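Listing of model24.pdb; format and content: PDB, C-alpha atoms.
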ATOM      1  CA  MET A   9      13.058  -4.589  15.084
ATOM      2  CA  ARG A  10      14.132  -7.126  12.456
ATOM      3  CA  ILE A  11      12.554 -10.584  12.266
ATOM      4  CA  ASP A  12      13.128 -13.064   9.443
ATOM      5  CA  GLY A  13      10.239 -15.457   8.805
ATOM      6  CA  LEU A  14      12.455 -18.296   7.548
ATOM      7  CA  GLN A  15      16.063 -19.328   6.994
ATOM      8  CA  TYR A  16      17.845 -22.625   6.357
ATOM      9  CA  ALA A  17      21.501 -21.689   6.585
ATOM     10  CA  ASN A  18      24.465 -23.952   7.297
ATOM     11  CA  TRP A  19      24.656 -22.569  10.807
ATOM     12  CA  SER A  20      27.992 -21.567  12.284
ATOM     13  CA  GLU A  21      29.536 -18.981  14.564
ATOM     14  CA  LYS A  22      30.204 -16.875  11.464
ATOM     15  CA  ILE A  23      26.514 -16.721  10.611
ATOM     16  CA  PHE A  24      25.509 -16.118  14.235
ATOM     17  CA  ARG A  25      27.851 -13.114  14.262
ATOM     18  CA  GLN A  26      26.429 -11.892  10.960
ATOM     19  CA  LEU A  27      22.956 -12.033  12.498
ATOM     20  CA  ARG A  28      24.169  -9.652  15.166
ATOM     21  CA  GLU A  29      25.952  -7.405  12.649
ATOM     22  CA  GLY A  30      22.689  -7.206  10.692
ATOM     23  CA  ARG A  31      20.742  -6.526  13.896
ATOM     24  CA  VAL A  32      18.407  -9.462  13.250
ATOM     25  CA  ASP A  33      16.442  -9.878  16.465
ATOM     26  CA  ALA A  34      14.732 -13.166  15.630
ATOM     27  CA  VAL A  35      14.680 -15.781  12.913
ATOM     28  CA  HIS A  36      12.478 -18.787  12.175
ATOM     29  CA  VAL A  37      14.909 -21.645  11.489
ATOM     30  CA  THR A  38      14.029 -24.778   9.526
ATOM     31  CA  ILE A  39      14.974 -27.719  11.740
ATOM     32  CA  ALA A  40      13.529 -30.495   9.557
ATOM     33  CA  TYR A  41      12.765 -31.200   5.913
ATOM     34  CA  HIS A  42      12.191 -34.960   5.661
ATOM     35  CA  GLU A  43      13.471 -36.066   9.061
ATOM     36  CA  THR A  44      11.609 -38.574  11.211
ATOM     37  CA  PHE A  45      10.632 -37.712  14.771
ATOM     38  CA  ARG A  46      13.832 -39.203  16.195
ATOM     39  CA  GLU A  47      16.023 -37.437  13.640
ATOM     40  CA  THR A  48      14.287 -34.161  14.413
ATOM     41  CA  VAL A  49      14.943 -34.611  18.136
ATOM     42  CA  LEU A  50      18.638 -34.974  17.302
ATOM     43  CA  ASN A  51      18.449 -31.650  15.445
ATOM     44  CA  PHE A  52      16.961 -30.026  18.558
ATOM     45  CA  GLU A  53      19.826 -31.526  20.541
ATOM     46  CA  ARG A  54      22.404 -30.006  18.180
ATOM     47  CA  TRP A  55      20.811 -26.593  18.575
ATOM     48  CA  ASN A  56      20.863 -26.950  22.354
ATOM     49  CA  ARG A  57      24.644 -27.323  22.132
ATOM     50  CA  TRP A  58      24.865 -24.206  19.963
ATOM     51  CA  PHE A  59      22.750 -22.264  22.466
ATOM     52  CA  GLU A  60      25.229 -23.282  25.148
ATOM     53  CA  THR A  61      28.365 -22.643  23.095
ATOM     54  CA  HIS A  62      27.211 -19.352  21.573
ATOM     55  CA  SER A  63      25.079 -18.022  24.421
ATOM     56  CA  ASP A  64      26.481 -14.537  23.824
ATOM     57  CA  LEU A  65      25.018 -14.475  20.275
ATOM     58  CA  ILE A  66      21.842 -16.585  20.163
ATOM     59  CA  MET A  67      19.093 -17.880  22.435
ATOM     60  CA  LYS A  68      16.122 -20.196  22.058
ATOM     61  CA  GLY A  69      12.815 -18.511  21.322
ATOM     62  CA  THR A  70       9.393 -19.912  22.163
ATOM     63  CA  THR A  71       7.333 -16.735  22.754
ATOM     64  CA  ALA A  72       7.393 -13.175  21.432
ATOM     65  CA  ARG A  73       8.670 -12.061  24.835
ATOM     66  CA  ASP A  74      11.897 -13.958  24.065
ATOM     67  CA  ILE A  75      12.519 -11.464  21.260
ATOM     68  CA  ASP A  76      12.395  -8.675  23.827
ATOM     69  CA  VAL A  77      14.946 -10.535  25.950
ATOM     70  CA  ALA A  78      17.151 -11.088  22.903
ATOM     71  CA  ARG A  79      17.050  -7.376  22.063
ATOM     72  CA  GLU A  80      17.848  -6.413  25.643
ATOM     73  CA  THR A  81      20.876  -8.736  25.694
ATOM     74  CA  ASN A  82      22.127  -8.112  22.128
ATOM     75  CA  ARG A  83      21.306 -11.617  20.897
ATOM     76  CA  THR A  84      19.143 -13.246  18.211
ATOM     77  CA  ALA A  85      16.159 -15.374  19.247
ATOM     78  CA  ILE A  86      15.911 -18.633  17.290
ATOM     79  CA  PHE A  87      12.452 -20.085  16.603
ATOM     80  CA  PHE A  88      12.041 -23.549  15.118
ATOM     81  CA  GLY A  89       9.854 -24.928  12.344
ATOM     82  CA  PHE A  90       9.470 -27.841   9.931
ATOM     83  CA  GLN A  91       9.137 -27.608   6.149
ATOM     84  CA  ASN A  92       7.353 -30.957   6.076
ATOM     85  CA  PRO A  93       5.057 -32.811   8.497
ATOM     86  CA  SER A  94       7.427 -35.808   8.509
ATOM     87  CA  PRO A  95       8.481 -35.218  12.175
ATOM     88  CA  ILE A  96       4.950 -36.138  13.333
ATOM     89  CA  GLU A  97       5.078 -39.288  11.155
ATOM     90  CA  ASP A  98       1.485 -40.600  11.302
ATOM     91  CA  ASP A  99       0.993 -39.838  14.994
ATOM     92  CA  ILE A 100      -1.075 -36.773  15.890
ATOM     93  CA  GLY A 101       0.104 -37.063  19.497
ATOM     94  CA  LEU A 102       3.601 -35.986  18.497
ATOM     95  CA  ILE A 103       2.356 -32.466  17.680
ATOM     96  CA  GLU A 104       2.119 -31.480  21.334
ATOM     97  CA  ILE A 105       5.463 -33.111  22.120
ATOM     98  CA  LEU A 106       7.223 -31.250  19.305
ATOM     99  CA  HIS A 107       5.633 -27.981  20.385
ATOM    100  CA  ALA A 108       6.927 -28.625  23.912
ATOM    101  CA  LEU A 109      10.415 -29.152  22.456
ATOM    102  CA  GLY A 110      10.200 -25.725  20.801
ATOM    103  CA  ALA A 111       8.611 -26.131  17.361
ATOM    104  CA  ARG A 112       6.428 -23.168  16.382
ATOM    105  CA  PHE A 113       5.763 -23.671  12.644
ATOM    106  CA  MET A 114       4.981 -26.747  10.533
ATOM    107  CA  GLN A 115       4.326 -26.906   6.808
ATOM    108  CA  LEU A 116       1.583 -29.330   5.859
ATOM    109  CA  THR A 117       3.465 -30.248   2.662
ATOM    110  CA  TYR A 118       6.838 -29.891   1.018
ATOM    111  CA  ASN A 119       6.024 -29.806  -2.739
ATOM    112  CA  ASN A 120       4.530 -33.326  -2.793
ATOM    113  CA  GLN A 121       1.288 -34.827  -1.533
ATOM    114  CA  SER A 122       1.528 -35.582   2.179
ATOM    115  CA  LEU A 123      -0.784 -37.290   4.635
ATOM    116  CA  LEU A 124      -2.216 -33.836   5.319
ATOM    117  CA  ALA A 125      -2.470 -31.825   2.088
ATOM    118  CA  THR A 126      -1.255 -31.399  -1.509
ATOM    119  CA  GLY A 127       2.080 -29.860  -2.472
ATOM    120  CA  CYS A 128       2.516 -27.260  -5.190
ATOM    121  CA  TYR A 129       4.277 -29.677  -7.584
ATOM    122  CA  GLU A 130       1.411 -32.168  -7.795
ATOM    123  CA  ALA A 131      -0.777 -32.280 -10.904
ATOM    124  CA  GLU A 132      -4.007 -32.646  -8.880
ATOM    125  CA  ASP A 133      -4.809 -30.741  -5.705
ATOM    126  CA  THR A 134      -7.274 -32.698  -3.572
ATOM    127  CA  GLY A 135      -7.143 -30.260  -0.680
ATOM    128  CA  ILE A 136      -6.848 -30.939   3.034
ATOM    129  CA  THR A 137      -7.140 -34.628   3.907
ATOM    130  CA  ARG A 138      -9.069 -36.234   6.754
ATOM    131  CA  MET A 139      -5.909 -36.417   8.838
ATOM    132  CA  GLY A 140      -5.018 -32.882   7.787
ATOM    133  CA  LYS A 141      -8.214 -31.520   9.310
ATOM    134  CA  GLN A 142      -7.449 -33.244  12.601
ATOM    135  CA  VAL A 143      -3.838 -32.082  12.559
ATOM    136  CA  ILE A 144      -4.848 -28.459  11.935
ATOM    137  CA  LYS A 145      -7.230 -28.662  14.898
ATOM    138  CA  GLU A 146      -4.460 -30.003  17.133
ATOM    139  CA  MET A 147      -1.928 -27.461  15.856
ATOM    140  CA  ASN A 148      -4.427 -24.713  16.687
ATOM    141  CA  ARG A 149      -4.886 -26.118  20.189
ATOM    142  CA  VAL A 150      -1.221 -26.195  21.153
ATOM    143  CA  GLY A 151       0.033 -23.144  19.232
ATOM    144  CA  LEU A 152       1.903 -24.695  16.307
ATOM    145  CA  VAL A 153       1.417 -22.416  13.298
ATOM    146  CA  VAL A 154       0.126 -23.906  10.030
ATOM    147  CA  ASP A 155       2.577 -22.985   7.245
ATOM    148  CA  MET A 156       1.484 -23.484   3.611
ATOM    149  CA  SER A 157       4.566 -22.132   1.810
ATOM    150  CA  HIS A 158       5.058 -25.235  -0.358
ATOM    151  CA  SER A 159       1.390 -26.180  -0.729
ATOM    152  CA  ALA A 160      -0.947 -26.084  -3.711
ATOM    153  CA  ASP A 161      -3.668 -23.468  -4.099
ATOM    154  CA  ARG A 162      -6.767 -25.382  -3.011
ATOM    155  CA  SER A 163      -4.993 -26.905  -0.045
ATOM    156  CA  THR A 164      -3.751 -23.492   1.084
ATOM    157  CA  ILE A 165      -7.173 -21.857   0.810
ATOM    158  CA  GLU A 166      -8.831 -24.758   2.628
ATOM    159  CA  ALA A 167      -6.217 -24.616   5.397
ATOM    160  CA  ALA A 168      -6.873 -20.899   5.873
ATOM    161  CA  ASP A 169     -10.608 -21.556   6.077
ATOM    162  CA  ILE A 170     -10.413 -24.654   8.306
ATOM    163  CA  SER A 171      -7.898 -23.255  10.762
ATOM    164  CA  GLU A 172      -9.435 -21.440  13.712
ATOM    165  CA  ARG A 173      -6.212 -19.454  14.077
ATOM    166  CA  PRO A 174      -4.347 -17.454  11.429
ATOM    167  CA  ILE A 175      -1.963 -19.424   9.226
ATOM    168  CA  ALA A 176       1.207 -18.339   7.435
ATOM    169  CA  ILE A 177       3.001 -18.509   4.138
ATOM    170  CA  THR A 178       6.423 -17.871   5.607
ATOM    171  CA  HIS A 179       8.445 -17.659   2.381
ATOM    172  CA  ALA A 180       7.098 -17.003  -1.127
ATOM    173  CA  ASN A 181       6.365 -14.123  -3.499
ATOM    174  CA  SER A 182       3.615 -12.885  -5.776
ATOM    175  CA  TYR A 183       2.898 -15.204  -8.719
ATOM    176  CA  LYS A 184       1.852 -12.319 -10.957
ATOM    177  CA  TRP A 185       5.241 -10.690 -10.308
ATOM    178  CA  SER A 186       7.206 -13.904 -10.902
ATOM    179  CA  PRO A 187       5.254 -17.002 -12.041
ATOM    180  CA  ALA A 188       7.236 -19.692 -10.218
ATOM    181  CA  LEU A 189       5.342 -22.752  -9.012
ATOM    182  CA  ARG A 190       6.195 -21.842  -5.443
ATOM    183  CA  ASN A 191       4.863 -18.296  -5.659
ATOM    184  CA  LYS A 192       1.275 -17.507  -4.729
ATOM    185  CA  LYS A 193      -1.629 -16.179  -6.776
ATOM    186  CA  ASP A 194      -3.576 -13.200  -5.475
ATOM    187  CA  HIS A 195      -6.649 -15.177  -4.415
ATOM    188  CA  VAL A 196      -4.427 -17.493  -2.354
ATOM    189  CA  ILE A 197      -2.668 -14.602  -0.620
ATOM    190  CA  GLU A 198      -6.048 -13.004   0.022
ATOM    191  CA  ALA A 199      -7.427 -16.190   1.588
ATOM    192  CA  VAL A 200      -4.521 -16.276   4.040
ATOM    193  CA  THR A 201      -4.354 -12.579   4.898
ATOM    194  CA  GLN A 202      -8.109 -11.938   5.187
ATOM    195  CA  ASN A 203      -8.146 -14.453   8.035
ATOM    196  CA  GLY A 204      -5.334 -12.622   9.837
ATOM    197  CA  GLY A 205      -2.518 -14.720   8.403
ATOM    198  CA  MET A 206       1.009 -13.637   7.481
ATOM    199  CA  PHE A 207       2.856 -13.626   4.169
ATOM    200  CA  GLY A 208       6.671 -13.544   4.192
ATOM    201  CA  PHE A 209       8.515 -12.371   1.062
ATOM    202  CA  SER A 210      11.325 -14.629  -0.141
ATOM    203  CA  LEU A 211      14.776 -13.687  -1.408
ATOM    204  CA  TYR A 212      15.538 -17.166  -2.746
ATOM    205  CA  PRO A 213      16.513 -16.412  -6.383
ATOM    206  CA  HIS A 214      14.188 -19.005  -7.938
ATOM    207  CA  HIS A 215      11.287 -17.031  -6.419
ATOM    208  CA  LEU A 216      12.489 -13.672  -7.763
ATOM    209  CA  LYS A 217      11.728 -11.870 -10.992
ATOM    210  CA  ASP A 218      14.933 -12.160 -13.077
ATOM    211  CA  LYS A 219      16.230 -14.557 -10.387
ATOM    212  CA  SER A 220      19.740 -13.662  -9.193
ATOM    213  CA  SER A 221      19.634 -10.468 -11.283
ATOM    214  CA  CYS A 222      16.489  -9.192  -9.587
ATOM    215  CA  SER A 223      16.808  -5.558  -8.569
ATOM    216  CA  LEU A 224      16.145  -4.274  -5.068
ATOM    217  CA  GLN A 225      13.687  -1.766  -6.518
ATOM    218  CA  SER A 226      11.654  -4.469  -8.268
ATOM    219  CA  PHE A 227      11.490  -6.593  -5.119
ATOM    220  CA  CYS A 228      10.421  -3.672  -2.948
ATOM    221  CA  GLU A 229       7.847  -2.484  -5.490
ATOM    222  CA  MET A 230       6.269  -5.943  -5.329
ATOM    223  CA  ILE A 231       5.984  -5.625  -1.539
ATOM    224  CA  ALA A 232       4.490  -2.129  -1.835
ATOM    225  CA  ARG A 233       1.840  -3.394  -4.276
ATOM    226  CA  ALA A 234       1.012  -6.268  -1.937
ATOM    227  CA  ALA A 235       0.593  -3.802   0.925
ATOM    228  CA  ASP A 236      -1.923  -1.901  -1.195
ATOM    229  CA  ASP A 237      -3.768  -5.092  -2.132
ATOM    230  CA  PHE A 238      -3.759  -7.078   1.112
ATOM    231  CA  GLY A 239      -2.874  -4.648   3.898
ATOM    232  CA  VAL A 240       0.543  -3.902   5.304
ATOM    233  CA  THR A 241      -0.228  -5.565   8.666
ATOM    234  CA  HIS A 242      -0.133  -9.041   7.098
ATOM    235  CA  LEU A 243       3.289  -8.809   5.429
ATOM    236  CA  GLY A 244       6.846  -9.589   6.508
ATOM    237  CA  ILE A 245      10.159 -10.921   5.275
ATOM    238  CA  GLY A 246      10.842 -14.664   4.990
ATOM    239  CA  SER A 247      14.189 -14.580   3.236
ATOM    240  CA  ASP A 248      14.604 -18.361   2.749
ATOM    241  CA  LEU A 249      18.338 -17.696   3.090
ATOM    242  CA  CYS A 250      20.296 -20.941   2.557
ATOM    243  CA  GLN A 251      23.730 -19.483   3.198
ATOM    244  CA  ASP A 252      26.848 -21.689   3.016
ATOM    245  CA  GLN A 253      24.904 -24.860   2.274
ATOM    246  CA  PRO A 254      26.588 -27.466   0.053
ATOM    247  CA  ASP A 255      24.691 -28.592  -3.037
ATOM    248  CA  SER A 256      24.135 -31.976  -1.385
ATOM    249  CA  VAL A 257      21.636 -30.211   0.874
ATOM    250  CA  VAL A 258      19.633 -29.137  -2.191
ATOM    251  CA  GLU A 259      19.267 -32.807  -3.071
ATOM    252  CA  TRP A 260      18.029 -33.587   0.459
ATOM    253  CA  MET A 261      15.541 -30.707   0.319
ATOM    254  CA  ARG A 262      14.117 -31.721  -3.057
ATOM    255  CA  THR A 263      14.429 -35.488  -3.016
ATOM    256  CA  GLY A 264      14.608 -36.671   0.587
ATOM    257  CA  ARG A 265      13.973 -40.410   0.562
ATOM    258  CA  TRP A 266      10.879 -40.410  -1.602
ATOM    259  CA  SER A 267      12.562 -40.902  -5.008
ATOM    260  CA  LYS A 268      15.487 -42.732  -6.573
ATOM    261  CA  GLU A 269      15.662 -40.091  -9.296
ATOM    262  CA  ILE A 270      17.140 -36.614  -9.182
ATOM    263  CA  ASP A 271      14.534 -33.919  -8.611
ATOM    264  CA  PHE A 272      15.783 -30.529  -9.753
ATOM    265  CA  GLY A 273      12.859 -28.667  -8.212
ATOM    266  CA  GLU A 274      12.956 -25.054  -9.378
ATOM    267  CA  GLY A 275      16.433 -25.588 -10.790
ATOM    268  CA  SER A 276      17.457 -27.658 -13.802
ATOM    269  CA  ALA A 277      20.015 -30.224 -14.920
ATOM    270  CA  ALA A 278      22.147 -27.326 -16.166
ATOM    271  CA  ALA A 279      21.880 -25.500 -12.833
ATOM    272  CA  PRO A 280      21.177 -28.091 -10.145
ATOM    273  CA  GLY A 281      22.694 -26.343  -7.123
ATOM    274  CA  PHE A 282      21.973 -23.263  -5.061
ATOM    275  CA  PRO A 283      21.535 -20.170  -7.237
ATOM    276  CA  ALA A 284      23.566 -17.052  -6.477
ATOM    277  CA  MET A 285      21.865 -14.556  -4.179
ATOM    278  CA  PRO A 286      21.162 -11.052  -5.532
ATOM    279  CA  SER A 287      24.059  -8.669  -4.991
ATOM    280  CA  TRP A 288      22.091  -6.524  -2.525
ATOM    281  CA  PHE A 289      21.231  -9.427  -0.187
ATOM    282  CA  GLN A 290      24.100 -11.835   0.356
ATOM    283  CA  ASP A 291      23.637 -12.565   4.069
ATOM    284  CA  ASN A 292      22.110 -11.297   7.302
ATOM    285  CA  ARG A 293      24.259  -8.172   7.303
ATOM    286  CA  HIS A 294      22.205  -6.790   4.405
ATOM    287  CA  PHE A 295      18.780  -6.388   6.028
ATOM    288  CA  GLY A 296      19.392  -2.654   6.068
ATOM    289  CA  ALA A 297      19.249  -2.648   2.266
ATOM    290  CA  LEU A 298      15.669  -3.898   2.424
ATOM    291  CA  GLU A 299      14.679  -1.078   4.753
ATOM    292  CA  THR A 300      16.276   1.465   2.438
ATOM    293  CA  GLY A 301      14.633  -0.097  -0.617
ATOM    294  CA  LEU A 302      11.180  -0.059   0.948
ATOM    295  CA  ARG A 303      11.533   3.599   1.880
ATOM    296  CA  ASP A 304      12.767   4.404  -1.621
ATOM    297  CA  VAL A 305       9.581   2.996  -3.197
ATOM    298  CA  GLY A 306       7.451   5.282  -1.033
ATOM    299  CA  MET A 307       6.617   3.287   2.077
ATOM    300  CA  THR A 308       6.444   5.177   5.356
ATOM    301  CA  ALA A 309       8.776   4.546   8.276
ATOM    302  CA  GLN A 310       5.886   2.935  10.164
ATOM    303  CA  GLU A 311       5.074   0.611   7.256
ATOM    304  CA  VAL A 312       8.719  -0.388   6.848
ATOM    305  CA  ALA A 313       9.025  -1.155  10.555
ATOM    306  CA  ALA A 314       5.917  -3.330  10.387
ATOM    307  CA  ILE A 315       7.213  -5.361   7.437
ATOM    308  CA  MET A 316      10.751  -5.710   8.792
ATOM    309  CA  GLY A 317       9.613  -7.189  12.091
ATOM    310  CA  GLY A 318       6.650  -5.600  13.811
ATOM    311  CA  ASN A 319       4.069  -7.747  12.041
ATOM    312  CA  TRP A 320       5.890 -11.000  12.751
ATOM    313  CA  TYR A 321       6.248  -9.990  16.411
ATOM    314  CA  ARG A 322       2.490  -9.485  16.737
ATOM    315  CA  PHE A 323       1.811 -12.765  14.925
ATOM    316  CA  PHE A 324       4.233 -14.670  17.176
ATOM    317  CA  ASP A 325       2.658 -13.092  20.259
ATOM    318  CA  GLU A 326      -0.847 -14.101  19.261
ATOM    319  CA  ASN A 327      -0.226 -17.596  17.898
ATOM    320  CA  PHE A 328       2.578 -19.434  19.706
ATOM    321  CA  GLY A 329       0.645 -20.233  22.873
ATOM    322  CA  PRO A 330      -2.262 -22.567  23.636
ATOM    323  CA  GLN A 331      -5.609 -21.752  22.080
ATOM    324  CA  LEU A 332      -7.790 -19.713  24.407
ATOM    325  CA  SER A 333     -11.193 -21.218  25.130
TER     326      SER A 333
END
Would you write out, as structure tokens, the structure that this file holds?
Amino acid sequence: MRIDGLQYANWSEKIFRQLREGRVDAVHVTIAYHETFRETVLNFERWNRWFETHSDLIMKGTTARDIDVARETNRTAIFFGFQNPSPIEDDIGLIEILHALGARFMQLTYNNQSLLATGCYEAEDTGITRMGKQVIKEMNRVGLVVDMSHSADRSTIEAADISERPIAITHANSYKWSPALRNKKDHVIEAVTQNGGMFGFSLYPHHLKDKSSCSLQSFCEMIARAADDFGVTHLGIGSDLCQDQPDSVVEWMRTGRWSKEIDFGEGSAAAPGFPAMPSWFQDNRHFGALETGLRDVGMTAQEVAAIMGGNWYRFFDENFGPQLS
């Protein structure tokens, strides 16, 4: 079983076919960065057309059981999430509506301070806000997973402690392996995983040691060390694959509507666009390389299977439905 904890590709029939060639059974797809509620609904509508047009390749996923159906019918189950709480605007009632439409993950921040929490690019981390505490409670109730991938340390730890259900960092890496602002320190990873949460390892070059030149061995050794430190059952892949996206999308991701200035994020004025992917992971057809790399650094077949999809499947199964009383 292969499950990817996050992608934001420029979706097309080509990529849907590559998902099948790579035997990717499910993928969490970003459906909003800075979109309003109405704009997000339009994104759901576009995906509904793709589900109809490409019904032989993809299907909508809302529960772990949908992954079983996808595997039985040689398709990929698509699960939706937001990298920003902007789709709920300032209305907590929209959480249940968006979950009913198919959303299963929502980040409380995207780099900046939000109404809910502090992003990892802010100078001061004030933690989870008053509204954030209420939103987490409502997300727990309906089965919308709290994602803290782009959040600051204190906010992430507080979210893990406040949430009555496990949370996720769907796409990041170890800060001690590669000290990018978006990567997570050990005590942050521990706070998430000790409460049953999931950590997805990212292949986005700005999150990698040596960036686009990162070796497969180095990446897999990082995962093996994390398994030793935090337990293999809490780890998965969250590739953050942004395949075929134009550089204008990078500007939308980083800047949205909040600034008149250019925000280069983890890039720079000299390299403002998407960085080149490492040679061993160009697209969804290369998931097999990760399995080989994990085995080569000494992980067992059972551990590799857990990281490549088994752990995400269990997490989906336990956290996408209403909270049990």
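What the PyMOL selection byres ((chain A and resi 130) around 12) picks from this file is Thr117, Tyr118, Asn119, Asn120, Gln121, Ser122, Ala125, Thr126, Gly127, Cys128, Tyr129, Ala131, Glu132, Asp133, Thr134, Gly135, His158, Ser159, Ala160, Asp161, Arg162, Ser163, Leu189, Arg190 and Gly273 of chain A.
Using only C-alpha atoms for every distance, the candidate list A:Gly275, A:Gly89, A:Gly239, A:Gly244 yields A:Gly275 as the residue closest to Val258 in chain A.
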What's around range 289-298 of chain A at 12 Å? Count all atoms listed in the file, leave out sequence neighbours fewer than 6 positions away in its own chain, and write the answer as a ChimeraX atom specification.
/A:9-12,14-18,22-35,84,209-213,220-229,231,244-252,283,304-305,307,312-313,315-317
Those residues with C-alpha atoms, as a CSV table (one decimal), in the coordinates of the input please?
chain,number,residue,atom,x,y,z
A,9,MET,CA,13.1,-4.6,15.1
A,10,ARG,CA,14.1,-7.1,12.5
A,11,ILE,CA,12.6,-10.6,12.3
A,12,ASP,CA,13.1,-13.1,9.4
A,14,LEU,CA,12.5,-18.3,7.5
A,15,GLN,CA,16.1,-19.3,7.0
A,16,TYR,CA,17.8,-22.6,6.4
A,17,ALA,CA,21.5,-21.7,6.6
A,18,ASN,CA,24.5,-24.0,7.3
A,22,LYS,CA,30.2,-16.9,11.5
A,23,ILE,CA,26.5,-16.7,10.6
A,24,PHE,CA,25.5,-16.1,14.2
A,25,ARG,CA,27.9,-13.1,14.3
A,26,GLN,CA,26.4,-11.9,11.0
A,27,LEU,CA,23.0,-12.0,12.5
A,28,ARG,CA,24.2,-9.7,15.2
A,29,GLU,CA,26.0,-7.4,12.6
A,30,GLY,CA,22.7,-7.2,10.7
A,31,ARG,CA,20.7,-6.5,13.9
A,32,VAL,CA,18.4,-9.5,13.2
A,33,ASP,CA,16.4,-9.9,16.5
A,34,ALA,CA,14.7,-13.2,15.6
A,35,VAL,CA,14.7,-15.8,12.9
A,84,THR,CA,19.1,-13.2,18.2
A,209,PHE,CA,8.5,-12.4,1.1
A,210,SER,CA,11.3,-14.6,-0.1
A,211,LEU,CA,14.8,-13.7,-1.4
A,212,TYR,CA,15.5,-17.2,-2.7
A,213,PRO,CA,16.5,-16.4,-6.4
A,220,SER,CA,19.7,-13.7,-9.2
A,221,SER,CA,19.6,-10.5,-11.3
A,222,CYS,CA,16.5,-9.2,-9.6
A,223,SER,CA,16.8,-5.6,-8.6
A,224,LEU,CA,16.1,-4.3,-5.1
A,225,GLN,CA,13.7,-1.8,-6.5
A,226,SER,CA,11.7,-4.5,-8.3
A,227,PHE,CA,11.5,-6.6,-5.1
A,228,CYS,CA,10.4,-3.7,-2.9
A,229,GLU,CA,7.8,-2.5,-5.5
A,231,ILE,CA,6.0,-5.6,-1.5
A,244,GLY,CA,6.8,-9.6,6.5
A,245,ILE,CA,10.2,-10.9,5.3
A,246,GLY,CA,10.8,-14.7,5.0
A,247,SER,CA,14.2,-14.6,3.2
A,248,ASP,CA,14.6,-18.4,2.7
A,249,LEU,CA,18.3,-17.7,3.1
A,250,CYS,CA,20.3,-20.9,2.6
A,251,GLN,CA,23.7,-19.5,3.2
A,252,ASP,CA,26.8,-21.7,3.0
A,283,PRO,CA,21.5,-20.2,-7.2
A,304,ASP,CA,12.8,4.4,-1.6
A,305,VAL,CA,9.6,3.0,-3.2
A,307,MET,CA,6.6,3.3,2.1
A,312,VAL,CA,8.7,-0.4,6.8
A,313,ALA,CA,9.0,-1.2,10.6
A,315,ILE,CA,7.2,-5.4,7.4
A,316,MET,CA,10.8,-5.7,8.8
A,317,GLY,CA,9.6,-7.2,12.1
Name all residues at most 9 Å from Ala78 in chain A (count all atoms listed in the file; drop same-chain ones fewer than 3 positions away) and give them as a PyMOL selection string.
chain A and resi 33-34+65-67+69+73-75+81-85
Who sits within 8 Å of Ser186 in chain A, all atoms listed in the file, same chain under 4 positions skipped, as an MDAnalysis selection string:
chainID A and resid 181:182 191 215:217
Output C-alpha atoms for every residue in that selection, as a PDB file, in the coordinates of the input.
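New file out.pdb:
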ATOM      1  CA  ASN A 181       6.365 -14.123  -3.499  1.00  0.00           C
ATOM      2  CA  SER A 182       3.615 -12.885  -5.776  1.00  0.00           C
ATOM      3  CA  ASN A 191       4.863 -18.296  -5.659  1.00  0.00           C
ATOM      4  CA  HIS A 215      11.287 -17.031  -6.419  1.00  0.00           C
ATOM      5  CA  LEU A 216      12.489 -13.672  -7.763  1.00  0.00           C
ATOM      6  CA  LYS A 217      11.728 -11.870 -10.992  1.00  0.00           C
TER       7      LYS A 217
END
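The nearest approach to Asp64 in chain A among the residues A:Lys184, A:Arg79, A:His195, A:Arg138, with all atoms listed in the file taken into account, belongs to A:Arg79.
For Asp325 in chain A, the set of protein, DNA and RNA residues having any atom at most 8 Å away, when counting only C-alpha atoms and skipping those fewer than 4 positions along the same chain, is Thr71, Ala72, Arg73, Tyr321 and Gly329 of chain A.
The space separating CA of Tyr41 in chain A from CA of Gln115 in chain A comes to 9.5 Å.
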Quick one, how far is CA of Pro93 in chain A from CA of Glu47 in chain A?
13.0 Å
Atomic separation - CA of Arg46 in chain A relative to CA of Gly13 in chain A, Å
25.1 Å
Exactly which residues make up the result of the PyMOL selection byres ((chain A and resi 51) around 12) on this file, given as a PyMOL selection string?
chain A and resi 19+37-41+43-50+52-58+88-90+95+106+109-111
Min atom-atom distance to Met230 in chain A from the set A:Asp255, A:Asn148, A:Thr308, A:Ala180, counting only C-alpha atoms, belongs to A:Ala180
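Proximity ranking of A:Asp98, A:Glu274, A:Glu80, A:Glu326 relative to Gly140 in chain A places A:Asp98 first, based on all atoms listed in the file.
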Between A:Gly301, A:Met114, A:Ser94, A:Phe282, single out the one closest to Val257 in chain A, counting all atoms listed in the file.
A:Phe282
If the PyMOL selection byres ((chain A and resi 242) around 7) is run on the structure shown, which residues does it catch, given as a PyMOL selection string?
chain A and resi 201+204-207+239-241+243+319
Within 7 Å of Met156 in chain A, counting only C-alpha atoms, which residues qualify if same-chain residues fewer than 6 places away don't, as an NGL selection string?
:A and (115-116 or 164 or 176-177)
